[in-house]
file coords.cif (mmCIF, C-alpha atoms and all ligand atoms)
data_my_file
loop_
_atom_site.label_atom_id
_atom_site.label_comp_id
_atom_site.auth_asym_id
_atom_site.auth_seq_id
_atom_site.Cartn_x
_atom_site.Cartn_y
_atom_site.Cartn_z
CA MET N 197 79.44 163.10 187.92
CA LYS N 198 78.55 159.42 188.43
CA MET N 199 79.21 157.38 185.29
CA VAL N 200 76.76 154.73 184.14
CA PHE N 201 76.47 152.57 181.01
CA ARG N 202 73.36 151.44 179.15
CA TRP N 203 72.95 147.68 178.84
CA TYR N 204 70.03 145.89 177.19
CA GLY N 205 70.22 142.63 179.11
CA GLU N 206 71.29 139.02 178.67
CA GLY N 207 70.80 137.88 175.07
CA ASN N 208 69.73 141.37 174.00
CA ASP N 209 73.09 143.16 173.87
CA SER N 210 76.37 142.54 172.04
CA VAL N 211 78.28 143.99 175.01
CA THR N 212 79.00 141.85 178.08
CA LEU N 213 78.93 142.89 181.73
CA LYS N 214 82.57 141.82 182.00
CA GLN N 215 83.50 144.30 179.25
CA ILE N 216 81.53 147.10 180.93
CA LYS N 217 83.25 146.32 184.23
CA GLN N 218 86.60 147.11 182.60
CA ILE N 219 85.62 150.63 181.52
CA PRO N 220 87.15 153.05 184.09
CA GLY N 221 84.72 154.67 186.49
CA VAL N 222 81.51 152.94 185.39
CA GLU N 223 79.55 152.20 188.58
CA GLY N 224 76.10 151.32 187.36
CA LEU N 225 73.97 149.94 184.54
CA VAL N 226 71.27 151.93 182.81
CA TRP N 227 68.59 149.32 182.32
CA SER N 228 65.00 148.62 181.46
CA LEU N 229 62.59 145.72 180.98
CA HIS N 230 62.50 146.07 177.21
CA ASP N 231 60.04 143.18 176.80
CA VAL N 232 57.32 144.78 178.93
CA PRO N 233 54.98 146.80 176.66
CA ALA N 234 54.48 150.49 177.52
CA GLY N 235 51.65 150.93 180.02
CA GLU N 236 51.98 147.60 181.80
CA GLU N 237 53.05 147.35 185.44
CA TRP N 238 56.57 145.87 185.67
CA PRO N 239 56.65 142.37 187.21
CA MET N 240 58.68 142.23 190.45
CA ASP N 241 60.30 138.89 189.60
CA LYS N 242 61.85 140.35 186.43
CA ILE N 243 63.04 143.41 188.35
CA LEU N 244 64.65 141.15 190.96
CA ASP N 245 66.30 139.02 188.24
CA TYR N 246 68.02 142.15 186.96
CA LYS N 247 69.01 143.15 190.49
CA ARG N 248 70.60 139.75 191.13
CA LEU N 249 72.62 139.95 187.92
CA ALA N 250 73.79 143.50 188.66
CA ASP N 251 74.75 142.54 192.23
CA GLU N 252 76.77 139.58 190.92
CA HIS N 253 78.81 141.95 188.75
CA GLY N 254 79.08 144.77 191.29
CA PHE N 255 76.90 147.30 189.43
CA HIS N 256 74.12 149.46 190.87
CA LEU N 257 70.77 149.79 189.07
CA LYS N 258 69.95 153.33 190.15
CA VAL N 259 69.02 154.57 186.69
CA VAL N 260 66.20 153.11 184.59
CA GLU N 261 65.90 154.10 180.92
CA SER N 262 63.09 153.93 180.22
CA VAL N 263 59.76 153.25 181.79
CA ASN N 264 57.96 154.14 178.57
CA VAL N 265 54.74 156.16 178.68
CA HIS N 266 51.67 154.59 177.09
CA GLU N 267 50.36 156.42 174.01
CA ASP N 268 46.94 156.96 175.67
CA ILE N 269 48.66 159.13 178.29
CA LYS N 270 50.30 161.25 175.59
CA LEU N 271 46.96 161.42 173.75
CA GLY N 272 45.10 162.37 176.92
CA LEU N 273 42.48 159.63 176.49
CA PRO N 274 40.23 158.59 179.41
CA SER N 275 42.01 155.20 179.40
CA ARG N 276 45.21 157.03 180.50
CA ASP N 277 44.26 156.68 184.20
CA LYS N 278 44.76 152.91 184.31
CA TYR N 279 48.17 153.24 182.65
CA ILE N 280 49.11 156.01 185.11
CA GLU N 281 48.14 153.73 188.00
CA ASN N 282 50.40 151.02 186.54
CA TYR N 283 53.19 153.59 186.25
CA LYS N 284 52.81 154.44 189.94
CA ARG N 285 53.01 150.75 190.93
CA THR N 286 56.16 150.39 188.82
CA ILE N 287 57.75 153.38 190.56
CA GLU N 288 56.96 151.80 193.95
CA LYS N 289 58.57 148.50 192.89
CA LEU N 290 61.67 150.16 191.43
CA ALA N 291 62.21 152.00 194.71
CA LYS N 292 62.48 148.59 196.40
CA VAL N 293 65.65 147.78 194.40
CA GLY N 294 67.23 151.18 194.97
CA VAL N 295 66.33 152.99 191.74
CA LYS N 296 66.90 156.77 192.06
CA VAL N 297 66.19 158.06 188.53
CA ILE N 298 63.63 157.11 185.88
CA CYS N 299 64.21 158.38 182.36
CA TYR N 300 61.23 158.57 180.01
CA ASN N 301 60.12 160.54 176.98
CA PHE N 302 56.89 162.09 175.77
CA MET N 303 57.41 161.77 171.99
CA PRO N 304 54.24 160.79 170.11
CA ILE N 305 54.41 157.33 168.48
CA PHE N 306 58.16 157.20 167.83
CA ASP N 307 61.22 157.35 170.00
CA TRP N 308 64.41 158.71 168.41
CA ILE N 309 64.24 158.85 164.60
CA ARG N 310 67.03 158.26 162.05
CA THR N 311 67.03 157.44 158.34
CA ASP N 312 70.23 155.37 158.32
CA LEU N 313 71.52 153.28 161.22
CA PHE N 314 74.96 152.53 159.78
CA LYS N 315 75.95 155.50 157.61
CA GLU N 316 79.56 155.13 156.47
CA MET N 317 81.99 157.93 157.37
CA GLU N 318 85.28 158.78 155.56
CA ASP N 319 87.32 156.79 158.10
CA GLY N 320 85.27 153.64 157.49
CA SER N 321 83.36 153.80 160.76
CA THR N 322 79.56 154.00 160.65
CA ALA N 323 77.05 155.98 162.71
CA LEU N 324 73.40 156.89 163.14
CA PHE N 325 72.39 159.42 160.47
CA PHE N 326 69.36 161.66 159.90
CA ASP N 327 68.56 162.82 156.35
CA LYS N 328 66.11 165.70 156.84
CA ALA N 329 64.87 165.90 153.25
CA LYS N 330 64.37 162.13 153.14
CA ILE N 331 62.23 162.16 156.28
CA GLU N 332 60.11 164.97 154.85
CA SER N 333 59.47 162.94 151.71
CA MET N 334 58.92 159.44 153.13
CA ALA N 335 55.95 157.70 154.74
CA ALA N 336 56.30 156.72 158.41
CA GLU N 337 55.55 153.09 157.57
CA ASP N 338 58.55 152.96 155.24
CA LEU N 339 60.78 154.36 157.95
CA VAL N 340 59.61 151.73 160.45
CA ARG N 341 60.26 148.95 157.94
CA ASN N 342 63.71 150.39 157.17
CA ILE N 343 64.65 150.68 160.86
CA ASN N 344 63.40 147.29 161.96
CA GLU N 345 64.86 145.50 158.92
CA ASN N 346 68.31 146.99 159.53
CA SER N 347 68.77 146.06 163.14
CA ALA N 348 69.38 142.60 164.54
CA PHE N 349 68.19 143.90 167.91
CA THR N 350 64.86 145.29 169.08
CA MET N 351 65.07 149.05 168.78
CA PRO N 352 64.08 150.88 172.01
CA GLY N 353 60.92 152.83 171.33
CA TRP N 354 60.44 150.93 168.07
CA GLU N 355 58.55 148.00 169.58
CA PRO N 356 56.91 146.21 166.61
CA GLU N 357 53.61 145.77 168.49
CA ARG N 358 53.40 149.52 169.05
CA LEU N 359 54.37 150.41 165.51
CA GLN N 360 51.98 147.92 163.92
CA ARG N 361 49.23 150.37 164.83
CA ILE N 362 50.86 153.34 163.13
CA ALA N 363 47.93 154.37 160.91
CA PRO N 364 45.33 154.59 163.73
CA LEU N 365 47.92 156.35 165.90
CA PHE N 366 48.52 159.02 163.30
CA GLU N 367 44.75 159.41 163.03
CA ALA N 368 44.52 159.82 166.83
CA TYR N 369 47.16 162.56 166.83
CA LYS N 370 45.57 164.52 163.99
CA ASN N 371 43.90 166.94 166.39
CA VAL N 372 46.52 166.92 169.16
CA SER N 373 48.44 170.20 169.28
CA GLU N 374 51.67 170.95 171.14
CA GLU N 375 49.52 172.76 173.70
CA ASP N 376 47.44 169.61 174.15
CA LEU N 377 50.62 167.57 174.61
CA PHE N 378 51.79 169.98 177.31
CA ASN N 379 48.43 169.59 179.07
CA HIS N 380 48.65 165.79 178.89
CA LEU N 381 52.20 165.92 180.26
CA GLN N 382 51.01 168.13 183.12
CA TYR N 383 48.20 165.68 183.96
CA PHE N 384 50.72 162.81 183.98
CA LEU N 385 53.24 164.72 186.14
CA GLU N 386 50.61 165.88 188.66
CA GLN N 387 49.75 162.21 189.23
CA ILE N 388 53.25 160.78 189.12
CA ILE N 389 55.48 163.29 190.91
CA PRO N 390 53.91 162.84 194.37
CA VAL N 391 54.61 159.09 194.09
CA ALA N 392 58.16 159.76 192.86
CA GLU N 393 58.72 162.13 195.82
CA ALA N 394 57.36 159.60 198.30
CA HIS N 395 59.79 157.00 196.96
CA ASP N 396 62.74 159.36 196.42
CA ILE N 397 62.96 158.68 192.68
CA LYS N 398 63.71 161.59 190.31
CA MET N 399 61.69 161.60 187.08
CA ALA N 400 63.92 162.74 184.18
CA ILE N 401 62.20 163.42 180.88
CA HIS N 402 64.41 162.94 177.82
CA PRO N 403 64.34 165.55 175.04
CA ASP N 404 62.85 164.77 171.67
CA ASP N 405 65.24 163.32 169.13
CA PRO N 406 65.38 165.15 166.81
CA PRO N 407 64.11 168.17 168.78
CA TYR N 408 61.40 169.23 166.35
CA SER N 409 58.20 167.89 164.77
CA VAL N 410 58.57 164.91 162.45
CA PHE N 411 55.80 163.49 160.20
CA GLY N 412 53.63 166.41 161.39
CA LEU N 413 53.51 165.04 164.94
CA PRO N 414 53.70 167.50 167.87
CA ARG N 415 56.93 167.50 169.88
CA ILE N 416 57.46 169.68 172.97
CA VAL N 417 60.72 168.73 174.73
CA THR N 418 62.71 170.61 172.15
CA ASN N 419 64.37 173.79 173.43
CA ARG N 420 65.21 175.94 176.42
CA ASP N 421 61.83 177.70 176.69
CA ASN N 422 59.84 174.47 176.57
CA ILE N 423 62.12 172.80 179.09
CA GLN N 424 61.70 175.74 181.44
CA ARG N 425 57.94 175.45 180.96
CA LEU N 426 57.75 171.71 181.61
CA LEU N 427 59.89 172.01 184.74
CA GLY N 428 57.28 174.46 185.99
CA LEU N 429 54.31 172.17 185.27
CA VAL N 430 55.06 170.61 188.65
CA ASP N 431 57.71 172.68 190.36
CA SER N 432 59.49 169.90 192.22
CA PRO N 433 63.11 168.70 192.11
CA TYR N 434 61.56 165.29 191.37
CA ASN N 435 60.32 166.66 188.05
CA GLY N 436 63.68 166.72 186.26
CA ILE N 437 65.22 166.27 182.86
CA THR N 438 67.62 163.90 181.16
CA LEU N 439 69.64 166.60 179.47
CA CYS N 440 70.74 164.95 176.22
CA SER N 441 73.40 166.99 174.43
CA GLY N 442 73.02 165.03 171.18
CA SER N 443 69.24 165.23 170.94
CA LEU N 444 69.08 168.96 171.73
CA GLY N 445 72.29 169.57 169.77
CA ALA N 446 70.65 168.39 166.55
CA ASN N 447 69.13 171.88 166.46
CA PRO N 448 72.11 174.29 166.41
CA GLY N 449 69.76 176.95 167.82
CA ASN N 450 69.95 175.06 171.14
CA ASP N 451 72.85 176.17 173.36
CA VAL N 452 73.34 172.94 175.29
CA ALA N 453 76.04 174.20 177.70
CA ALA N 454 73.87 177.22 178.55
CA MET N 455 70.95 174.88 179.36
CA VAL N 456 73.20 172.82 181.63
CA ARG N 457 74.18 175.98 183.48
CA GLU N 458 70.60 177.20 183.70
CA PHE N 459 68.91 173.92 184.70
CA ALA N 460 71.80 172.31 186.62
CA GLY N 461 69.71 171.60 189.70
CA ARG N 462 67.00 169.82 187.70
CA ILE N 463 69.20 167.38 185.74
CA PRO N 464 69.31 164.04 187.56
CA PHE N 465 70.66 162.37 184.43
CA ALA N 466 73.03 163.59 181.68
CA HIS N 467 73.35 162.07 178.22
CA ILE N 468 76.59 163.42 176.82
CA ARG N 469 77.18 162.74 173.13
CA ASN N 470 78.05 164.74 170.02
CA VAL N 471 76.44 165.24 166.62
CA LYS N 472 77.62 166.99 163.47
CA VAL N 473 74.82 169.07 161.98
CA TYR N 474 75.08 169.95 158.28
CA GLU N 475 73.89 173.13 156.60
CA ASN N 476 70.79 171.37 155.25
CA GLY N 477 69.74 170.11 158.68
CA ASP N 478 71.02 166.56 158.25
CA PHE N 479 73.04 165.25 161.19
CA ILE N 480 75.31 162.36 161.99
CA GLU N 481 76.53 161.11 165.33
CA THR N 482 80.27 161.55 165.88
CA SER N 483 82.92 160.81 168.48
CA HIS N 484 82.45 162.71 171.73
CA ARG N 485 85.29 165.16 170.97
CA SER N 486 84.19 168.80 170.59
CA SER N 487 86.29 169.11 167.43
CA ASP N 488 84.45 166.23 165.72
CA GLY N 489 80.94 167.61 166.04
CA THR N 490 78.71 170.66 166.37
CA VAL N 491 78.31 170.48 170.14
CA ASP N 492 81.20 171.78 172.27
CA ILE N 493 81.22 168.73 174.54
CA ALA N 494 84.23 169.98 176.52
CA ASP N 495 82.23 173.10 177.41
CA VAL N 496 79.18 170.95 178.26
CA VAL N 497 81.30 168.93 180.71
CA ARG N 498 82.73 172.19 182.07
CA ALA N 499 79.18 173.44 182.66
CA TYR N 500 78.41 170.31 184.72
CA HIS N 501 81.71 170.63 186.57
CA GLU N 502 81.19 174.32 187.39
CA ASN N 503 77.91 173.32 189.04
CA GLY N 504 79.50 170.53 191.05
CA TYR N 505 77.29 168.04 189.20
CA THR N 506 76.72 164.90 191.29
CA GLY N 507 74.09 163.32 189.05
CA PHE N 508 74.40 160.34 186.71
CA ALA N 509 75.96 160.60 183.26
CA ARG N 510 76.25 158.21 180.35
CA PRO N 511 78.00 158.56 176.97
CA ASP N 512 74.66 157.91 175.26
CA HIS N 513 75.30 156.77 171.66
CA GLY N 514 78.60 156.05 169.90
CA ARG N 515 79.78 155.33 166.39
CA HIS N 516 80.39 151.73 165.25
CA ILE N 517 84.18 151.40 164.95
CA TRP N 518 86.80 148.64 164.42
CA ASP N 519 84.20 146.56 162.51
CA GLU N 520 82.20 146.00 165.69
CA GLN N 521 78.84 144.26 165.13
CA CYS N 522 76.47 145.80 167.63
CA ARG N 523 73.14 147.42 168.35
CA PRO N 524 72.87 150.72 166.40
CA GLY N 525 74.44 153.50 168.50
CA TYR N 526 75.29 151.10 171.30
CA GLY N 527 78.63 149.54 170.50
CA LEU N 528 81.22 149.02 173.21
CA TYR N 529 84.31 150.67 171.75
CA ASP N 530 83.18 154.20 170.90
CA ARG N 531 81.11 154.57 174.05
CA ALA N 532 84.15 153.49 176.08
CA LEU N 533 86.33 155.98 174.18
CA GLY N 534 83.66 158.60 174.85
CA ILE N 535 83.72 157.88 178.58
CA MET N 536 87.48 158.37 178.68
CA TYR N 537 87.08 161.73 176.91
CA LEU N 538 84.45 162.83 179.42
CA TRP N 539 86.65 161.70 182.35
CA GLY N 540 89.66 163.46 180.78
CA VAL N 541 87.90 166.80 180.62
CA TRP N 542 86.36 166.34 184.07
CA ASP N 543 89.64 165.30 185.75
CA ALA N 544 91.56 168.20 184.19
CA LEU N 545 88.96 170.61 185.59
CA GLU N 546 89.19 168.92 189.00
CA ARG N 547 92.96 169.51 189.06
CA VAL N 548 92.50 173.17 188.21
CA LYS N 549 89.84 173.51 190.91
CA GLU N 550 92.18 171.93 193.48
CA GLY N 551 94.96 174.30 192.41
CA ARG N 552 97.01 171.46 190.96
CA GLY N 553 96.25 172.66 187.38
O1 LIG A 1 67.71 159.73 171.57
C1 LIG A 1 68.50 159.67 172.55
O2 LIG A 1 69.51 160.39 172.71
C2 LIG A 1 68.19 158.70 173.60
O3 LIG A 1 68.96 158.59 174.55
C3 LIG A 1 66.87 157.99 173.53
C4 LIG A 1 66.38 157.66 174.89
O4 LIG A 1 66.92 156.40 175.27
C5 LIG A 1 64.87 157.55 175.02
O5 LIG A 1 64.24 158.49 174.24
C6 LIG A 1 64.53 157.76 176.48
O6 LIG A 1 63.22 157.44 176.75
FE FE A 2 69.92 160.74 174.82
#
call {"tool": "encode", "arguments": {"input": "coords.cif", "output": "C-alpha cells", "more": "lines below"}}
Ligand SMILES: O=C(O)C(=O)C[C@H](O)[C@H](O)CO
Ligand SMILES: [Fe+2]
result
Amino acid sequence: MKMVFRWYGEGNDSVTLKQIKQIPGVEGLVWSLHDVPAGEEWPMDKILDYKRLADEHGFHLKVVESVNVHEDIKLGLPSRDKYIENYKRTIEKLAKVGVKVICYNFMPIFDWIRTDLFKEMEDGSTALFFDKAKIESMAAEDLVRNINENSAFTMPGWEPERLQRIAPLFEAYKNVSEEDLFNHLQYFLEQIIPVAEAHDIKMAIHPDDPPYSVFGLPRIVTNRDNIQRLLGLVDSPYNGITLCSGSLGANPGNDVAAMVREFAGRIPFAHIRNVKVYENGDFIETSHRSSDGTVDIADVVRAYHENGYTGFARPDHGRHIWDEQCRPGYGLYDRALGIMYLWGVWDALERVKEGRG
C-alpha cells in the first residue's frame, strides 16, 4: 500500500505541504487543476508548476484526482468527441510528469452529495452528513446554494459555472437511462483506454457518492454487479476502479471488503474511509476505526493486505476535529489520525505474515 494525501493547491487548501510532510508514510500528493473546467485540455505550464512545487517538497504526483469528465460525454452528445480528444491530450501531458493513476467519476451533474457539511456530533466534532429524507424533498438548486454558501473553498465537482446550468442539465438527462449511461461510459473507455495503456496510466473510476440515484438522475457505479460490468466494458488492467469504502459503504448492502478481495487486481487507487449508516438511510462520516462506523475498515485493510496490495491509498475524508477550520471533509487532523489507523492495521498484519506476530 502506497500512502498519498489529497491537497488542493497553494491558496486553495487550509493544509500546508510542510504539515503533510510530517504525516508518517505519505509519499505523494493527490492533486488536480481545480480551476480548469471539465472538458478542457490541461495546460502544460500549470502541470509543470505543480510538479516543481511537489519536487521542492519531496512528493510524487503519481495520482491525479480528478480529471473530470465533461457532461456531454456522460450525456452521449455528438459534441463528446472534442472533449474526449482533450482528455487524451491531458493523459499524454500527465504521463510526461510521471502520473500513473487518474481518478474520475461518471456521476451526472453532481459529484458527491451531502445535505450538511458540518453536522455536529456528540463529542463536538463535525462531519459531512447526508439526510436521505431531506434530499428526497428538496430541489437540487437549493442543495447547490446550501453547499456553496457553507464552504469557504471551491467544492470539487461543485464548480459554480457547471452548476449554474442545472435546469438545462436536468432537462438533458430526462431521457438518459442507466443503460444509456453505461453505453456512454463504454464509448468513453473505448477511446481513452488505448491512450492510457500507451502512456502507462491506469484509469480509476470512483464510485457514486452516495451509491444510488439522487434527484432522479441515473447512477451506475453503485454496487458489485455494476462494477464487474464496467470493468468488462474494456477488459484491460488500465480500466480500473478507485475503490472508495465510504461511498460504497453508504449502502449497507455493499460488502466493501468482499469487493476488495474480488477486484483486487483492478484497484489502482483505494479510498479508505468510514461512514455510519442509520436505519433510515441517513449517513455521517466518522473516524476510520471499524468500531465508529458501519464499514469494517480493519477488514477492508486486511483484504488489501491479503492481496499484497501495492497500489495507492488515501484516507479520503475525515471529520473536522479540535476546532480546525478547513475544507469540508479535508481537514488535516482526522485524515492524519486515519492514516495512522490504516498503517497500524497494515503493520500488524505484516508482522503476522513475517511470523513476528
Ligand atoms: O466522494 C468521495 O468519496 C470522493 O472521494 C469524491 C471523489 O473525489 C470524486 O468523486 C472523484 O472524481
Ligand atoms: Fe472517495
call {"tool": "residues_around", "arguments": {"input": "coords.cif", "residues": "Leu229 (chain N)", "least_positions_apart": "2", "cutoff": "8 Å", "atoms": "only C-alpha atoms", "output": "ChimeraX atom specification"}}
result
/N:227,231-232,238,242-243
call {"tool": "residues_around", "arguments": {"input": "coords.cif", "residues": "region 456-463 of chain N", "least_positions_apart": "5", "cutoff": "10 Å", "atoms": "only C-alpha atoms", "output": "count of residues only"}}
result
34
call {"tool": "residues_near_ligand", "arguments": {"input": "coords.cif", "ligand": "ligand FE 2 (chain A)", "cutoff": "10 Å", "atoms": "only C-alpha atoms and all ligand atoms", "output": "CSV table (one decimal) with C-alpha atoms, in the coordinates of the input"}}
result
chain,number,residue,atom,x,y,z
N,261,GLU,CA,65.9,154.1,180.9
N,299,CYS,CA,64.2,158.4,182.4
N,308,TRP,CA,64.4,158.7,168.4
N,402,HIS,CA,64.4,162.9,177.8
N,403,PRO,CA,64.3,165.6,175.0
N,404,ASP,CA,62.8,164.8,171.7
N,405,ASP,CA,65.2,163.3,169.1
N,438,THR,CA,67.6,163.9,181.2
N,439,LEU,CA,69.6,166.6,179.5
N,440,CYS,CA,70.7,165.0,176.2
N,441,SER,CA,73.4,167.0,174.4
N,442,GLY,CA,73.0,165.0,171.2
N,443,SER,CA,69.2,165.2,170.9
N,444,LEU,CA,69.1,169.0,171.7
N,465,PHE,CA,70.7,162.4,184.4
N,466,ALA,CA,73.0,163.6,181.7
N,467,HIS,CA,73.4,162.1,178.2
N,468,ILE,CA,76.6,163.4,176.8
N,469,ARG,CA,77.2,162.7,173.1
N,510,ARG,CA,76.2,158.2,180.4
N,511,PRO,CA,78.0,158.6,177.0
N,512,ASP,CA,74.7,157.9,175.3
N,513,HIS,CA,75.3,156.8,171.7
call {"tool": "closest_residue", "arguments": {"input": "coords.cif", "among": "N:Ala336, N:Val226, N:Ile280, N:Ile397", "to": "ligand LIG 1 (chain A)", "atoms": "all atoms listed in the file"}}
result
N:Val226
call {"tool": "closest_residue", "arguments": {"input": "coords.cif", "among": "N:Lys198, N:Arg361, N:His395, N:Lys270", "to": "Phe378 (chain N)", "atoms": "only C-alpha atoms"}}
result
N:Lys270
call {"tool": "axis_aligned_box", "arguments": {"input": "coords.cif", "around": "region 256-260 of chain N", "padding_each_side": "3 Å", "output": "JSON"}}
result
{"center_x": 70.2, "center_y": 152.0, "center_z": 187.7, "size_x": 13.9, "size_y": 11.1, "size_z": 12.3}
call {"tool": "closest_residue", "arguments": {"input": "coords.cif", "among": "N:Pro274, N:Pro220, N:Glu374, N:Tyr526", "to": "ligand LIG 1 (chain A)", "atoms": "all atoms listed in the file"}}
result
N:Tyr526
call {"tool": "residues_around", "arguments": {"input": "coords.cif", "residues": "Asp245 (chain N)", "least_positions_apart": "5", "cutoff": "12 Å", "atoms": "all atoms listed in the file", "output": "ChimeraX atom specification"}}
result
/N:205-206,228-229,239-240,250-252,257,293
call {"tool": "residues_near_point", "arguments": {"input": "coords.cif", "point": "(51.0, 168.4, 168.4)", "cutoff": "6 Å", "atoms": "all atoms listed in the file", "output": "compact mmCIF listing (two decimals) with C-alpha atoms, keeping the file's coordinate frame"}}
result
# COMPACT_ATOMS: atom_id res chain seq x y z
CA VAL N 372 46.52 166.92 169.16
CA SER N 373 48.44 170.20 169.28
CA GLU N 374 51.67 170.95 171.14
CA LEU N 413 53.51 165.04 164.94
CA PRO N 414 53.70 167.50 167.87
call {"tool": "closest_residue", "arguments": {"input": "coords.cif", "among": "N:Lys472, N:Arg515, N:Arg523, N:Arg202", "to": "ligand LIG 1 (chain A)", "atoms": "only C-alpha atoms and all ligand atoms"}}
result
N:Arg202
call {"tool": "atom_distance", "arguments": {"input": "coords.cif", "atom1": "CA of Pro304 (chain N)", "atom2": "CA of Ala446 (chain N)"}}
result
18.4 Å
call {"tool": "residues_around", "arguments": {"input": "coords.cif", "residues": "Gly235 (chain N)", "least_positions_apart": "6", "cutoff": "12 Å", "atoms": "only C-alpha atoms", "output": "compact mmCIF listing (two decimals) with C-alpha atoms, in the frame of the given file"}}
result
# COMPACT_ATOMS: atom_id res chain seq x y z
CA SER N 262 63.09 153.93 180.22
CA VAL N 263 59.76 153.25 181.79
CA ASN N 264 57.96 154.14 178.57
CA VAL N 265 54.74 156.16 178.68
CA HIS N 266 51.67 154.59 177.09
CA GLU N 267 50.36 156.42 174.01
CA ASP N 268 46.94 156.96 175.67
CA ILE N 269 48.66 159.13 178.29
CA LYS N 270 50.30 161.25 175.59
CA SER N 275 42.01 155.20 179.40
CA ARG N 276 45.21 157.03 180.50
CA ASP N 277 44.26 156.68 184.20
CA LYS N 278 44.76 152.91 184.31
CA TYR N 279 48.17 153.24 182.65
CA ILE N 280 49.11 156.01 185.11
CA GLU N 281 48.14 153.73 188.00
CA ASN N 282 50.40 151.02 186.54
CA TYR N 283 53.19 153.59 186.25
CA LYS N 284 52.81 154.44 189.94
CA ARG N 285 53.01 150.75 190.93
CA THR N 286 56.16 150.39 188.82
CA ARG N 358 53.40 149.52 169.05
call {"tool": "closest_residue", "arguments": {"input": "coords.cif", "among": "N:Asn470, N:Gln218, N:Gln382, N:Asn208", "to": "ligand LIG 1 (chain A)", "atoms": "all atoms listed in the file"}}
result
N:Asn470
call {"tool": "atom_distance", "arguments": {"input": "coords.cif", "atom1": "CA of Ala494 (chain N)", "atom2": "CA of Ile535 (chain N)"}}
result
12.3 Å
call {"tool": "closest_residue", "arguments": {"input": "coords.cif", "among": "N:Glu546, N:Glu386, N:Glu316, N:Asp307", "to": "ligand LIG 1 (chain A)", "atoms": "only C-alpha atoms and all ligand atoms"}}
result
N:Asp307
call {"tool": "atom_distance", "arguments": {"input": "coords.cif", "atom1": "CA of Asn301 (chain N)", "atom2": "atom C4 of ligand LIG 1 (chain A)"}}
result
7.2 Å
call {"tool": "build_atoms", "arguments": {"input": "coords.cif", "residues": "region 251-263 of chain N", "atoms": "N, CA and C atoms", "output": "mmCIF file, in the coordinates of the input"}}
result
data_model
loop_
_atom_site.group_PDB
_atom_site.id
_atom_site.type_symbol
_atom_site.label_atom_id
_atom_site.label_comp_id
_atom_site.auth_asym_id
_atom_site.auth_seq_id
_atom_site.Cartn_x
_atom_site.Cartn_y
_atom_site.Cartn_z
ATOM 1 N N ASP N 251 74.021 142.769 190.965
ATOM 2 C CA ASP N 251 74.750 142.540 192.230
ATOM 3 C C ASP N 251 75.937 141.608 191.993
ATOM 4 N N GLU N 252 75.704 140.551 191.207
ATOM 5 C CA GLU N 252 76.770 139.580 190.920
ATOM 6 C C GLU N 252 77.981 140.254 190.267
ATOM 7 N N HIS N 253 77.709 141.298 189.482
ATOM 8 C CA HIS N 253 78.810 141.950 188.750
ATOM 9 C C HIS N 253 79.224 143.271 189.386
ATOM 10 N N GLY N 254 78.648 143.569 190.566
ATOM 11 C CA GLY N 254 79.080 144.770 191.290
ATOM 12 C C GLY N 254 78.624 146.076 190.664
ATOM 13 N N PHE N 255 77.464 146.056 189.997
ATOM 14 C CA PHE N 255 76.900 147.300 189.430
ATOM 15 C C PHE N 255 75.654 147.714 190.219
ATOM 16 N N HIS N 256 75.428 149.037 190.327
ATOM 17 C CA HIS N 256 74.120 149.460 190.870
ATOM 18 C C HIS N 256 73.131 149.601 189.713
ATOM 19 N N LEU N 257 71.859 149.677 190.084
ATOM 20 C CA LEU N 257 70.770 149.790 189.070
ATOM 21 C C LEU N 257 69.976 151.064 189.321
ATOM 22 N N LYS N 258 70.675 152.138 189.702
ATOM 23 C CA LYS N 258 69.950 153.330 190.150
ATOM 24 C C LYS N 258 69.235 154.083 189.040
ATOM 25 N N VAL N 259 69.615 153.813 187.797
ATOM 26 C CA VAL N 259 69.020 154.570 186.690
ATOM 27 C C VAL N 259 68.286 153.635 185.706
ATOM 28 N N VAL N 260 66.995 153.877 185.546
ATOM 29 C CA VAL N 260 66.200 153.110 184.590
ATOM 30 C C VAL N 260 65.940 153.983 183.362
ATOM 31 N N GLU N 261 66.191 153.378 182.175
ATOM 32 C CA GLU N 261 65.900 154.100 180.920
ATOM 33 C C GLU N 261 65.344 153.092 179.945
ATOM 34 N N SER N 262 64.067 153.069 179.613
ATOM 35 C CA SER N 262 63.090 153.930 180.220
ATOM 36 C C SER N 262 61.922 153.124 180.757
ATOM 37 N N VAL N 263 61.113 153.783 181.582
ATOM 38 C CA VAL N 263 59.760 153.250 181.790
ATOM 39 C C VAL N 263 58.918 154.044 180.777
#
